[in-house]
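First the structure, in the form of structure tokens, and then the observations on it.
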Amino acid sequence: MTPPGLDPQRGLVAAQATRRRFLTATGAAAALALTGELAGVRPAEALAPGSLGSAELFTLGVASGDPLPDAVVIWTRLAPEPTSPTGGMPARPVPVQWEVAEDERFRRVVRRGSARAVPESAHTVHVDVQGLRPRRHYWYRFRVGSQLSPVGRTRTAPAPGEAVAELSLAVASCQAIWEGWFTAYADMARRDHDAVLFLGDYIYEFGIDRGVRPDSAAVENTRQTVTLDEYRHRYAQYKLDPDLQAAHAAAPWIVTLDDHEVVDNWADEAHPSAPAAQFLVRRANGFRAYWEHMPLRLAQAPQGPDMQLYRRLRFGSLAEVNVLDTRQYRSDQAMGDGSKPPNPESQDPRRTLTGDRQEQWLLDGMAGSGTTWNVIGQQNALARLDTVAGPDVAVPMDTWDGYEGSRRRVLGGIAERGVDNVVSLGGDLHRSVASDLRLDFSDPSSPVMASEFVGTSIASGLDGQDLDPGGAVLLAENPHIRYCNFQRGYTSCTITPRTWKADYRVVDRVTVPDGEVSTRTTLVVEAGRPGIQES
Amino acid sequence: MTDHDSAVHVPRPLLLGAAGAALCLLALVAGASSPAEARPPRTGVEVTTSASQVTVTDLPCQPGELSVAMTNVSETDRYADLLLSAPEPVELSREVFSSWLPAAEPDQPVTAEVGITVPRGTPSGEHSLELQVDRSRLELPVLVRPAPEKGPGDNLLLGERATASSTHGNFSTCAAVDGDADSAGWERTGWNDGTRGAFPDTFEVALSEPAPVDRVVLTTLDRAANPAERFGISDWDVQLRVDEQWRTVAEVRDSTEGEVTSRFERTTAEAVRVVVHGSNNGDYSRIVELAAYGG
């Protein structure tokens with residue numbers, strides 16, 4: 001379930017909580033472990049809840065994530081003034097009670113505890129609730145004094161060997177808040193998903209001062225985020241969105257990041273904005289704010305500029321999701337990034353998108369999963385994307401196209417190890433692209449090793465259109481691409497032992513608050529038969 | 001796949017080390033060491049600032065600037081929050097500067113810029129600015145001095161309130177009215193819009209009070225590495241706001257020059273605006289300096 005050498009509960013004392021015991025070890029131990037990693041923590045008295053006044057504390061909603069058969073992370077942040085640099089909180093720890101129940105009205109509470117929200121973590125709370133039962137819904141909430149948070153619903157994963165008849169998984173990415181309303185999330189929250197996979201660009205770091213929302217031009221939006229306080233502010237601004245909050249409250253999220261959680265197109269220690277030592281400070285700041293605001297376990301908490309983000313989540317014997325990190329370990333983009341013809345650098349087998357360890361971990365994991373479906377949750381597209389019309393070829397240097405050695409090793413490794421039913425899920429492109437992943441993209445008779453559903457953006461790119469000129473070129477130039485769409489939305493997947501069905505949910509307009517969501521198309525992969533089919 | 005960077009990628013140093021000028025060591029903040037110790041161990045965060053005091057005027061687009069650096073002088077990496085505060089009338093561009101601080105050898109200062117302003121009409125006087133990390137504080141004087149009078153022949157836009165249709169994240173809107181028209185330091189002293197390939201873009205400056213204007217001098221990016229014929233703006237209108245109405249007083253088309261003066265009938269205006277319709281390579285609008293004169 002976890003990368004080699006990593007204990008998912010590192011730093012956490014397993015919950016000894018008994019039913020109805022109000023203050024369990026879980027919350028307290030978790031919070032202590034969090035603050036214990038930070039030097040300079042003052043032995044400050046915890047604040048009496050009453051002294052916080054009556055301002056609403058749970059302005060950024062609640063979330064849950066990384067469901068296991070017996071555990072799930074629940075999250076919230078106390079922020080009475082969410083866009084102020086401190087969230088409007090005093091520089092003191094605040095005790096936060098939490099409870100998890102089997103029913104929406106909290107009549108059957110199964111776990112309770114207390115955590116500390118500390119200023120060093122921007123008063124965020126992460127509780128790894130343990131001792132839960134597999135494959136069932138739970139409801140959770142937090143309390144400070146007499147204030148109750150909104151109620152979130154989550155769902156544990158099936159037991160490891162459990163035969164699962166059906167799993168529903170929503171896949172999303174790229175939520176440029178100034179370019180559109182998060183209508184897709186309202187739809188996602190209404191539909192019933194067992195989990196949500198988010199593949200990166202949760203925030204954008206750069207400054208803007210024009211957008212479709214009334215507050216787009218606020219002065220703080222014109223600045224790029226570099227320092228930790230600035231990244232925290234950006235997360236608060238995004239997490240204020242009610243549709244995003246609804247989607248978090250409806251299902252557990254499994255998140256990974258892409259470039260904009262730090263800065264556009266960074267690669268390992270490299271970004272043109274600063275020498276490596278300075279860039280790593282920015283990366284550490286971006287990572288820290290990311291972890292603080294995501295429902296992630298302590299195993300994923302960054303140590304400065306390093307974060308163990310790639311990991312696996314299993315859903316019974318039906319599917320195992322390999323969540324990749326294609327930013328932290330990659331070689332710098334070939335030929336200065338951009339769109340280029342394939343070149344000796346992009347084809348250099350010594351270059352890597354994932355790093356050697358992660359690549360090995362991915363291939364070994366898929367070979368040994370024992371599940372029907374092997375899912376690769378990655379940031380962009382494994383498929384080749386020739387973006388120019390005519391005989392010339394130009395491919396993006398930031399996607400797997402810029403790292404042909406990595407792609408060959410992953411697709412070749414799938415072939416060598418005989419891994420069945422591999423589905424790649426991606427984002428970043430701001431368009432939906434469904435592809436057959438061939439061992440050799442220049443040879444249409446080369447075998448299809450896997451199927452790929454790249455999902456469009458939630459908001460990035462404004463309204464878009466069904467088939468834009470760029471999409472038409474992709475379809476014409478890349479015979480392995482079976483479907484393209486350039487509207488905003490997300491992918492709603494229904495997975496059974498026999499089929500993987502992907503509904504591409506699209507929003508007619510995101511530049512107005514009341515866009516309409518519909519299924520643009522439904523594509524299917526049959527178990528045992530790699531490749532995209534019309535439903 | 002996304003490209004939001006300016007084509008001319010010479011970003012500002014974001015987390016610069018020592019800011020060139022000698023940093024003035026103001027405090028050694030050590031983790032609560034006992035006064036009995038002769039010399040506290042290096043176990044804290046050192047705060048340095050680029051100056052020992054800040055002088056500001058009441059011009060809205062000419063903030064007093066202070067670089068504040070935190071340096072981890074301890075043995076272990078840590079995160080730190082630096083809190084900034086100032087009593088009225090002083091206003092700060094940030095109240096918190098938080099960062100991860102590596103315990104690097106040699107020391108690695110992590111720097112943030114703080115803009116310091118006072119409201120228009122603030123009388124001369126001495127105020128203060130307080131910095132705090134952990135339990136240590138230090139205070140810096142903030143001196144308010146009158147803005148130089150703008151007499152005949154002076155640039156009416158210098159330091160006045162500038163706004164733009166958008167501003168790229170690596171740039172500041174005020175930088176195009178900072179009195180520095182030299183393209184060499186454009187990344188710090190110029191404005192770059194934030195929407196690649198989308199026109200028109202607007203850049204607007206409100207005068208402190210209505211004043212006669214008869215010429216506008218626009219400097220676009222023009223230096224050896226980035227000549228105006230490729231990186232400059234090519235097509236724009238110069239507009240004046242008179243009685244709340246914008247009127248176009250000059251049009252420039254197909255320009256490849258670095259500096260262009262537009263002359264027109266002397267008009268008493270409330271604000272000056274440039275509407276950019278295109279640039280020579282079609283990506284961004286770049287203005288190093290905008291100036292207006294009326295005498």
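By order in the structure tokens, chains are A, B, ...; within a chain, residues start at 1; ligands start at 1, following the order shown.
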Exercise answer, chain A residues close to chain B, 8 Å and only C-alpha atoms, as a PyMOL selection string: chain A and resi 38-40+85-86+206-210+222-224+226-229+264+272-274+278-279+281-282+284-285+304+338+396+398-399+428-429
Expected answer as number ranges by chain: strand (DSSP E or B) residues in region 115-238 of chain B: B: 115-117, 125-133, 136-144, 161-164, 191-192, 201-220, 223, 226, 233-238
Residue contacts of Gln53 (chain B) (10 Å, only C-alpha atoms) excluding same-chain residues fewer than 2 positions away, as a list in words: Thr49, Ser50, Ala51, Thr55, Gly64, Leu66, Ser128, Leu129, Glu139, Leu140, Pro141, Val142 and Leu143 of chain B
Any chance you could export the current selection's C-alpha atoms as an mmCIF file, in the first residue's frame?
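Output saved as again07.cif:
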```cif
data_model
loop_
_atom_site.group_PDB
_atom_site.id
_atom_site.type_symbol
_atom_site.label_atom_id
_atom_site.label_comp_id
_atom_site.auth_asym_id
_atom_site.auth_seq_id
_atom_site.Cartn_x
_atom_site.Cartn_y
_atom_site.Cartn_z
ATOM 1 C CA THR B 49 16.974 44.465 6.764
ATOM 2 C CA SER B 50 18.280 46.414 3.790
ATOM 3 C CA ALA B 51 18.249 49.688 5.703
ATOM 4 C CA THR B 55 11.810 57.109 4.260
ATOM 5 C CA GLY B 64 9.159 52.939 0.764
ATOM 6 C CA LEU B 66 12.564 47.398 2.621
ATOM 7 C CA SER B 128 7.767 53.047 13.384
ATOM 8 C CA LEU B 129 7.734 49.517 12.055
ATOM 9 C CA GLU B 139 11.783 48.415 15.688
ATOM 10 C CA LEU B 140 12.702 50.498 12.675
ATOM 11 C CA PRO B 141 11.940 54.233 12.251
ATOM 12 C CA VAL B 142 9.672 55.173 9.333
ATOM 13 C CA LEU B 143 10.210 58.785 8.297
#
```
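Summary of the local environment: counting only C-alpha atoms, residues at most 6 Å from Leu523 (chain A), other than itself and those fewer than 5 positions away along its chain, are Lys501, Ala502, Gln533, Glu534 and Ser535 of chain A.
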10 Å contact set for Thr372 (chain A), only C-alpha atoms, chain neighbours under 2 positions out, as a ChimeraX atom specification: /A:163,316-320,369-370,374-375,419-422,496-498,527-528
Could you save those same residues with C-alpha atoms as a PDB file, in the first residue's frame?
```pdb
ATOM      1  CA  ALA A 163     -14.430  -8.587  -4.607  1.00  0.00           C
ATOM      2  CA  GLY A 316     -10.286  -4.499  -2.928  1.00  0.00           C
ATOM      3  CA  SER A 317      -9.402  -6.862  -5.730  1.00  0.00           C
ATOM      4  CA  LEU A 318     -10.879  -4.458  -8.272  1.00  0.00           C
ATOM      5  CA  ALA A 319      -8.307  -1.693  -8.680  1.00  0.00           C
ATOM      6  CA  GLU A 320      -5.085  -0.310  -7.331  1.00  0.00           C
ATOM      7  CA  SER A 369      -1.045  -5.850  -7.446  1.00  0.00           C
ATOM      8  CA  GLY A 370      -3.353  -8.806  -8.019  1.00  0.00           C
ATOM      9  CA  ASN A 374      -3.936  -1.153 -12.527  1.00  0.00           C
ATOM     10  CA  VAL A 375      -4.359   2.597 -12.469  1.00  0.00           C
ATOM     11  CA  VAL A 419       0.534  -6.363 -16.527  1.00  0.00           C
ATOM     12  CA  ASP A 420      -3.101  -6.369 -17.571  1.00  0.00           C
ATOM     13  CA  ASN A 421      -5.710  -3.663 -17.659  1.00  0.00           C
ATOM     14  CA  VAL A 422      -3.568  -0.612 -17.163  1.00  0.00           C
ATOM     15  CA  THR A 496     -16.445  -2.960 -12.617  1.00  0.00           C
ATOM     16  CA  PRO A 497     -14.517  -6.212 -13.033  1.00  0.00           C
ATOM     17  CA  ARG A 498     -15.580  -6.245 -16.686  1.00  0.00           C
ATOM     18  CA  ALA A 527     -11.101  -5.796 -19.158  1.00  0.00           C
ATOM     19  CA  GLY A 528      -8.715  -7.975 -21.129  1.00  0.00           C
TER      20      GLY A 528
END
```
Selected residue of minimal separation from Leu218 (chain B) among B:Val205, B:Ala292, B:Leu158, B:Ala198, counting only C-alpha atoms: B:Ala292
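As for CA of Glu88 (chain B) and CA of Gly88 (chain A), they are spaced 19.6 Å apart.
Interatomic distance, CA of Ser183 (chain B) against CA of Ser234 (chain B): 16.4 Å.
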